[in-house]
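This report refers to the structure that appears directly beneath it.
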Amino acid sequence: MEENDKMTFEPKLLGFLCNWCSYAGADLAGVSRIQYPPNMRVIRVMCSGRVDPKFIIQALELGIDGVYVMGCHPGDCHYLEGNYEAIRKFDMTKKFLETVGLDNRIRLDWVSASEGVRYGEVVTKFVNDIRELGPSPLSGDDYDKQLLQKIRAISLAVSSSRMRSLVGRERKLTEEGNVYGEKYPEDQFEELMDTAIKEEFERHLILVAMEDESKSVKSLAKELDIDPSVVLEHMLVLKKRSQVDFQEIIENTPIFMRL
Amino acid sequence: MSDKKEEEPRVGVFICHCGSNIGGLIDCEKLAEYAGDLPSVAHSEDNLYTCSETGLTAIKTAIKEHNLNRVVVASCTPRTHEPLFRECISEGGLNPYLFDFVNIRDQCTWVHMKDAEGAYEKAKDLVKMGAAKAAKLEPLEMIKVDINPVGLVIGGGVTGMSAALNLSQQGFKTYLIEKESRLGGRLRSLNRLFPYDIDASEFISSMISKVENASNLEVLTSAKVKNIDGFVGNYEVEIDQQGNLLNIEVGAIIVAVGSSLLDPQGLFNYNGKNVITQFELESLLKEGFKNENIVMIQCAGSRNSERIYCSSVCCMTALKNARYIKEKNPNANVIILFRDLYTPGTEFEKYYRATRELGVLFVKYEEEKLPIVEDKIVRVYNDYIGEEMQIPYDLVVLSTPLVANEDNKELAQLLKVPTETNNFFLEAHVKLRPSDFATDGVYVGGTAKWPVDITESISQGYSAASRASTVLSHSMIEVEGATSNLPEFNKSLCTGCEVCVKVCPFHAIVKNENDEIEIIEALCKGCGVCGATCTNQAIVIRHFTDDQILSEIMAYGGK
């Protein structure tokens with residue numbers, strides 16, 4: 001960005017603060033009259049583990065420039081382990097956003113009830129970092145329409161039961177093991193997660209692309225720049241999930257519709 | 001209470017000036033005007049102090065006059081004032097949960113004092129978000145729980161006995177269980193007690209006899225907790241007493257399991273003969289003591305990278321034993337090698353000065369240059385004179401720390417309470433809730449939590465008992481209604497995947513005998529993790545529903 005624009009651009013930020021640590025830390029910043037820029041609006045949740053990935057995506061979809069999730073420091077969670085769940089959910093969200101280059105607009109951090117000064121510091125840093133980054137490509141009137149389609153696909157993907165089951169089981173499987181006590185190695189789980197993210201992102205891109213009209217595998221492959229054989233595989237999975245169905249054949253090409 | 005769920009939302013917004021705290025920076029009147037034009041808002045006004053009698057009356061009046069069914073107050077912070085406003089709208093005839101708090105002071109005017117315009121814009125957005133959430137709020141009921149007025153104290157040391165005596169004196173039937181065959185804990189093996197030089201055996205014997213003679217206090221020795229089920233007011237505890245299983249039902253549980261001694265093997269050439277611990281010295285002092293050249297080493301095995309904490313009792317213990325030795329034999333040489341001396345308060349400081357006056361010597365050493373215990377001498381680098389000293393000895397006494405019991409983790413899991421990094425029990429909040437656990441109905445005191453001396457153990461025992469009595473003294477209590485919920489209309493969405501069962505930190509979600517997911521509301525703390533995780537989004541987090549949070553996001557980001 002031009003230096004001048006950087007000065008005038010005021011990032012529009014959203015923060016999710018857990019009630020017990022970060023929100024209390026933010027209150028303490030107030031009591032201590034710590035001064036920081038006013039760009040971030042706060043939504044209070046009881047626990048950082050309450051922050052559903054879809055909330056973060058929804059905010060970005062609306063053109064908000066950055067989203068901050070804050071919770072208690074590891075080991076200090078009022079609900080014992082909620083913040084550990086928050087890490088897993090956040091990491092998954094970040095990975096999805098990497099595919100569209102928006103991952104540097106979200107941040108997870110720990111602020112305790114006694115860290116009023118630190119709250120002011122991390123918010124200031126976030127504001128400055130996002131100001132440096134410039135406005136979200138999804139903000140304003142001339143927003144990136146293609147990117148919006150992608151973020152809508154991510155919004156659906158993070159809400160899919162496959163992603164939610166994976167992220168919900170991640171901690172137990174990698175830290176405690178399954179019912180037989182077998183632990184799933186972190187790096188293997190990561191691979192599994194990466195594959196799932198790639199597949200679900202593409203599948204939901206297909207669904208979003210089919211929103212207004214029924215399409216063939218070939219035209220979807222071209223539109224989304226994905227190999228037709230991959231699109232076909234996805235289409236079969238989507239059909240099995242009852243999310244799409246075969247509609248008709250036009251000139252020897254099967255057309256699918258979204259259900 | 002009227003059920004406003006089906007009605008169109010009519011939100012009332014009250015903007016508080018908080019004297020000049022808010023009104024001094026931003027135009028509250030204008031903000032109230034802005035709020036009045038927001039969707040679903042039926043009335044808005046600004047008040048000098050919304051929390052004052054006048055402000056509260058204004059809310060109640062407006063509820064009637066404008067037929068409001070939701071209330072938003074934009075002022076300080078829900079962490080201090082939400083209960084007040086909830087009560088106020090409740091008096092005004094609304095369900096207390098039909099209230100939303102907007103923080104425009106602590107998180108707005110106080111922190112953007114040099115940016116009035118920015119603060120005003122932020123306040124506008126926050127009010128808009130609050131009103132949007134309020135429009136979606138639903139009435140909730142507090143959950144009523146019957147209380148079984150029986151206490152259980154785990155651990156029969158000085159803390160546990162203090163707690164049990166206190167509870168039974170308040171009239172509650174109390175169980176005290178001790179894993180050893182006798183009551184008394186660590187105190188039984190001590191010689192004298194600081195700072196008033198009391199005989200430890202006499203002290204503990206009189207306490208034990210009080211416990212044994214207390215009318216509604218049942219002591220179970222050689223007994224361990226095997227299993228715990230239930231929730232505040234209604235715990236079912238299975239106790240293993242030398243193979244016999246007993247089941248008791250209690251309303252509150254106090255953890256007073258105490259702590260253990262650090263195994264001194266490998267520390268400063270410990271050998272249990274002429275290099276011993278303070279604890280072993282106590283027994284020697286009881287039996288009769290002949291050594292003349294004694295060197296004590298403080299912080300032996302504590303305040304280092306492996307065990308970062310201060311054990312807090314060792315300084316006074318060393319002073320006590322040094323003093324005892326000097327009083328019995330003024331010719332004895334007692335040298336205390338220390339890193340920092342911890343003698344807080346007037347009594348302990350006086351005690352330290354008196355110990356110096358008796359001729360006990362103090363030499364400060366640094367963590368980087370630990371004393372070396374050799375066959376006949378202790379080598380120590382004295383920072384003040386900048387030289388190594390060689391001190392002959394016939395007895396070295398190590399002040400080793402108290403450490404957490406090895407079986408703490410096991411008990412913590414049964415109770416669903418946390419332990420900290422050193423494996424001591426971790427209370428709900430160091431300052432705000434020092435005797436409580438985050439789990440309702442379970443309390444903690446004494447060295448189970450942290451090394452403390454006997455005076456403090458007794459205080460903490462009393463404290464835990466008094467916290468427990470806040471539950472036991474009621475026949476019924478109300479617990480937070482903002483829990484997670486699997487509504488009837490969402491049951492068909494539930495696939496029974498049990499991910500919610502796994503992520504719930506409080507084991508509040510179970511699969512019942514009908515193979516259905518069931519949320520035990522009295523156990524639920526409302527963190528919302530299950531809702532954010534539920535693979536088919538069937539679970540609803542009351543008061544923080546997806547719908548409510550998304551409407552806040554929409555209100556802020558919507559174009």
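Residues in the structure tokens are numbered from 1 in each chain, the chains being A, B, ... in the order shown, and ligands are numbered from 1 in the order shown.
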Determine which residues of chain A sit within 8 Å of chain B, taking into account only C-alpha atoms, and present them as a PDB file with C-alpha atoms, in the first residue's frame.
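What landed in result.pdb:
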```pdb
ATOM      1  CA  ALA A  24     -11.416  -9.318  32.218  1.00  0.00           C
ATOM      2  CA  ALA A  26      -9.665  -5.843  28.541  1.00  0.00           C
ATOM      3  CA  ASP A  27     -11.632  -4.423  31.478  1.00  0.00           C
ATOM      4  CA  LEU A  28      -8.422  -4.108  33.463  1.00  0.00           C
ATOM      5  CA  ALA A  29      -6.864  -2.171  30.593  1.00  0.00           C
ATOM      6  CA  GLY A  30      -9.777   0.228  31.055  1.00  0.00           C
ATOM      7  CA  VAL A  31      -9.441   0.471  34.817  1.00  0.00           C
ATOM      8  CA  ARG A  33      -6.498   3.692  31.545  1.00  0.00           C
ATOM      9  CA  ILE A  34      -4.242   1.882  29.067  1.00  0.00           C
ATOM     10  CA  GLN A  35      -4.747   3.629  25.707  1.00  0.00           C
ATOM     11  CA  TYR A  36      -5.041   1.699  22.450  1.00  0.00           C
ATOM     12  CA  PRO A  37      -6.663   2.341  19.056  1.00  0.00           C
ATOM     13  CA  PRO A  38     -10.465   1.912  18.914  1.00  0.00           C
ATOM     14  CA  ASN A  39     -10.625  -0.262  15.797  1.00  0.00           C
ATOM     15  CA  MET A  40     -11.671  -3.551  17.383  1.00  0.00           C
ATOM     16  CA  ARG A  41     -15.237  -4.366  18.430  1.00  0.00           C
ATOM     17  CA  VAL A  42     -15.629  -7.080  21.004  1.00  0.00           C
ATOM     18  CA  ILE A  43     -17.996 -10.007  21.213  1.00  0.00           C
ATOM     19  CA  VAL A  45     -18.151 -15.402  24.717  1.00  0.00           C
ATOM     20  CA  MET A  46     -17.871 -17.557  27.801  1.00  0.00           C
ATOM     21  CA  CYS A  47     -14.889 -19.499  26.453  1.00  0.00           C
ATOM     22  CA  GLY A  49     -13.597 -22.779  22.738  1.00  0.00           C
ATOM     23  CA  ARG A  50     -17.066 -21.400  21.942  1.00  0.00           C
ATOM     24  CA  VAL A  51     -15.729 -19.621  18.872  1.00  0.00           C
ATOM     25  CA  ASP A  52     -17.123 -21.660  16.049  1.00  0.00           C
ATOM     26  CA  PRO A  53     -14.916 -21.436  12.927  1.00  0.00           C
ATOM     27  CA  PHE A  55     -18.088 -17.091  13.146  1.00  0.00           C
ATOM     28  CA  GLN A  58     -18.673 -15.018   8.561  1.00  0.00           C
ATOM     29  CA  ALA A  59     -16.852 -11.919   9.759  1.00  0.00           C
ATOM     30  CA  LEU A  62     -18.665  -9.483   5.509  1.00  0.00           C
ATOM     31  CA  GLY A  63     -15.431  -7.662   4.715  1.00  0.00           C
ATOM     32  CA  ILE A  64     -14.145  -7.259   8.257  1.00  0.00           C
ATOM     33  CA  GLY A  75      -3.514 -24.412  31.627  1.00  0.00           C
ATOM     34  CA  HIS A  78     -11.847 -21.466  33.458  1.00  0.00           C
ATOM     35  CA  TYR A  79     -13.373 -24.501  31.776  1.00  0.00           C
ATOM     36  CA  LEU A  80     -10.199 -26.568  32.186  1.00  0.00           C
ATOM     37  CA  GLU A  81      -9.558 -27.332  28.524  1.00  0.00           C
ATOM     38  CA  GLY A  82     -11.741 -25.064  26.404  1.00  0.00           C
ATOM     39  CA  GLU A  85     -10.206 -26.908  21.788  1.00  0.00           C
ATOM     40  CA  SER A 159     -19.512 -26.305   9.059  1.00  0.00           C
ATOM     41  CA  SER A 160     -19.432 -29.685   7.340  1.00  0.00           C
ATOM     42  CA  SER A 161     -19.731 -32.652   9.614  1.00  0.00           C
ATOM     43  CA  ARG A 162     -16.509 -34.161   8.255  1.00  0.00           C
ATOM     44  CA  MET A 163     -14.385 -31.174   9.285  1.00  0.00           C
ATOM     45  CA  ARG A 164     -16.209 -30.766  12.552  1.00  0.00           C
ATOM     46  CA  SER A 165     -15.757 -34.420  13.493  1.00  0.00           C
ATOM     47  CA  VAL A 167     -11.360 -31.165  14.608  1.00  0.00           C
ATOM     48  CA  GLY A 168     -13.569 -32.328  17.470  1.00  0.00           C
ATOM     49  CA  ARG A 169     -11.713 -35.618  17.792  1.00  0.00           C
ATOM     50  CA  LYS A 172      -8.426 -36.912  22.048  1.00  0.00           C
TER      51      LYS A 172
END
```
- Please provide as a PyMOL selection string all residues within 6 Å of range 91-95 of chain B, with the sequence filter that same-chain residues fewer than 3 positions apart are discarded (counting only C-alpha atoms). chain B and resi 60+88+98+139
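Summary of the local environment: counting only C-alpha atoms, residues at most 8 Å from Lys150 in chain A, other than itself and those fewer than 4 positions away along its chain, are Val100, Gln146, Ile154 and Leu205 of chain A.
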- Task: List the neighbours of range 231-238 of chain B out to 7 Å using only C-alpha atoms; skip same-chain residues closer than 5 positions along the sequence, and give me the result as JSON, numbers by chain.
- Result: {"B": [146, 147, 148, 225, 226, 245, 246, 247, 248, 249, 250, 251, 252, 440, 441, 522, 523]}
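What separates CA of Arg131 in chain A from CA of Leu148 in chain A is a distance of 21.0 Å.
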- Going by DSSP on the backbone, which bits of range 125-232 of chain B are alpha helix (DSSP H)? Write them as a PyMOL selection string, please. chain B and resi 125-136+158-169+200-213
Filtering to N, CA and C atoms, could you give me those residues as a compact mmCIF listing (two decimals), in the first residue's frame?
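And here's result.txt as it stands now:
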```txt
# COMPACT_ATOMS: atom_id res chain seq x y z
N ASP B 125 -21.23 1.12 17.18
CA ASP B 125 -21.22 -0.27 16.72
C ASP B 125 -21.57 -1.24 17.84
N LEU B 126 -20.97 -0.99 19.02
CA LEU B 126 -21.20 -1.92 20.13
C LEU B 126 -22.68 -1.92 20.54
N VAL B 127 -23.29 -0.74 20.54
CA VAL B 127 -24.72 -0.65 20.88
C VAL B 127 -25.56 -1.37 19.83
N LYS B 128 -25.17 -1.16 18.57
CA LYS B 128 -25.89 -1.81 17.47
C LYS B 128 -25.80 -3.34 17.61
N MET B 129 -24.60 -3.82 17.93
CA MET B 129 -24.40 -5.26 18.10
C MET B 129 -25.19 -5.78 19.30
N GLY B 130 -25.18 -4.99 20.38
CA GLY B 130 -25.90 -5.39 21.58
C GLY B 130 -27.40 -5.48 21.33
N ALA B 131 -27.93 -4.48 20.60
CA ALA B 131 -29.37 -4.47 20.32
C ALA B 131 -29.73 -5.65 19.42
N ALA B 132 -28.80 -5.97 18.47
CA ALA B 132 -29.07 -7.09 17.57
C ALA B 132 -29.09 -8.40 18.34
N LYS B 133 -28.16 -8.53 19.28
CA LYS B 133 -28.16 -9.76 20.08
C LYS B 133 -29.41 -9.80 20.95
N ALA B 134 -29.72 -8.66 21.57
CA ALA B 134 -30.86 -8.61 22.49
C ALA B 134 -32.14 -9.07 21.79
N ALA B 135 -32.31 -8.65 20.52
CA ALA B 135 -33.52 -9.01 19.79
C ALA B 135 -33.66 -10.53 19.67
N LYS B 136 -32.53 -11.23 19.75
CA LYS B 136 -32.56 -12.70 19.60
C LYS B 136 -32.56 -13.43 20.94
N VAL B 158 -4.03 -31.50 59.49
CA VAL B 158 -4.50 -30.34 60.25
C VAL B 158 -5.55 -29.54 59.46
N THR B 159 -5.38 -29.45 58.14
CA THR B 159 -6.36 -28.72 57.34
C THR B 159 -7.71 -29.44 57.33
N GLY B 160 -7.65 -30.72 57.03
CA GLY B 160 -8.87 -31.52 56.93
C GLY B 160 -9.63 -31.56 58.25
N MET B 161 -8.87 -31.73 59.35
CA MET B 161 -9.54 -31.77 60.65
C MET B 161 -10.18 -30.43 60.98
N SER B 162 -9.47 -29.33 60.65
CA SER B 162 -10.05 -27.99 60.90
C SER B 162 -11.34 -27.83 60.12
N ALA B 163 -11.30 -28.24 58.85
CA ALA B 163 -12.48 -28.09 58.00
C ALA B 163 -13.62 -28.95 58.52
N ALA B 164 -13.31 -30.20 58.88
CA ALA B 164 -14.34 -31.14 59.31
C ALA B 164 -14.97 -30.68 60.63
N LEU B 165 -14.10 -30.22 61.56
CA LEU B 165 -14.62 -29.73 62.84
C LEU B 165 -15.55 -28.54 62.61
N ASN B 166 -15.10 -27.64 61.75
CA ASN B 166 -15.90 -26.45 61.46
C ASN B 166 -17.26 -26.81 60.86
N LEU B 167 -17.25 -27.71 59.89
CA LEU B 167 -18.52 -28.11 59.26
C LEU B 167 -19.44 -28.77 60.26
N SER B 168 -18.88 -29.67 61.08
CA SER B 168 -19.74 -30.40 62.02
C SER B 168 -20.26 -29.44 63.09
N GLN B 169 -19.42 -28.46 63.48
CA GLN B 169 -19.89 -27.47 64.47
C GLN B 169 -21.02 -26.61 63.91
N ALA B 200 4.30 -30.07 69.24
CA ALA B 200 3.45 -30.50 68.13
C ALA B 200 2.54 -31.67 68.52
N SER B 201 3.07 -32.61 69.29
CA SER B 201 2.28 -33.79 69.64
C SER B 201 1.07 -33.41 70.49
N GLU B 202 1.32 -32.51 71.45
CA GLU B 202 0.20 -32.08 72.30
C GLU B 202 -0.87 -31.40 71.46
N PHE B 203 -0.40 -30.54 70.58
CA PHE B 203 -1.32 -29.77 69.73
C PHE B 203 -2.20 -30.71 68.90
N ILE B 204 -1.53 -31.66 68.23
CA ILE B 204 -2.30 -32.52 67.32
C ILE B 204 -3.17 -33.50 68.10
N SER B 205 -2.68 -33.96 69.26
CA SER B 205 -3.50 -34.90 70.04
C SER B 205 -4.80 -34.25 70.48
N SER B 206 -4.70 -32.99 70.89
CA SER B 206 -5.93 -32.34 71.37
C SER B 206 -6.90 -32.14 70.20
N MET B 207 -6.33 -31.87 69.03
CA MET B 207 -7.20 -31.69 67.86
C MET B 207 -7.86 -33.01 67.47
N ILE B 208 -7.07 -34.09 67.49
CA ILE B 208 -7.62 -35.40 67.14
C ILE B 208 -8.74 -35.78 68.11
N SER B 209 -8.53 -35.50 69.40
CA SER B 209 -9.58 -35.91 70.34
C SER B 209 -10.85 -35.08 70.14
N LYS B 210 -10.68 -33.81 69.75
CA LYS B 210 -11.87 -33.01 69.43
C LYS B 210 -12.63 -33.63 68.26
N VAL B 211 -11.87 -34.04 67.25
CA VAL B 211 -12.50 -34.63 66.06
C VAL B 211 -13.22 -35.93 66.45
N GLU B 212 -12.53 -36.74 67.26
CA GLU B 212 -13.11 -38.04 67.61
C GLU B 212 -14.35 -37.90 68.49
N ASN B 213 -14.40 -36.79 69.23
CA ASN B 213 -15.56 -36.60 70.11
C ASN B 213 -16.67 -35.75 69.49
```
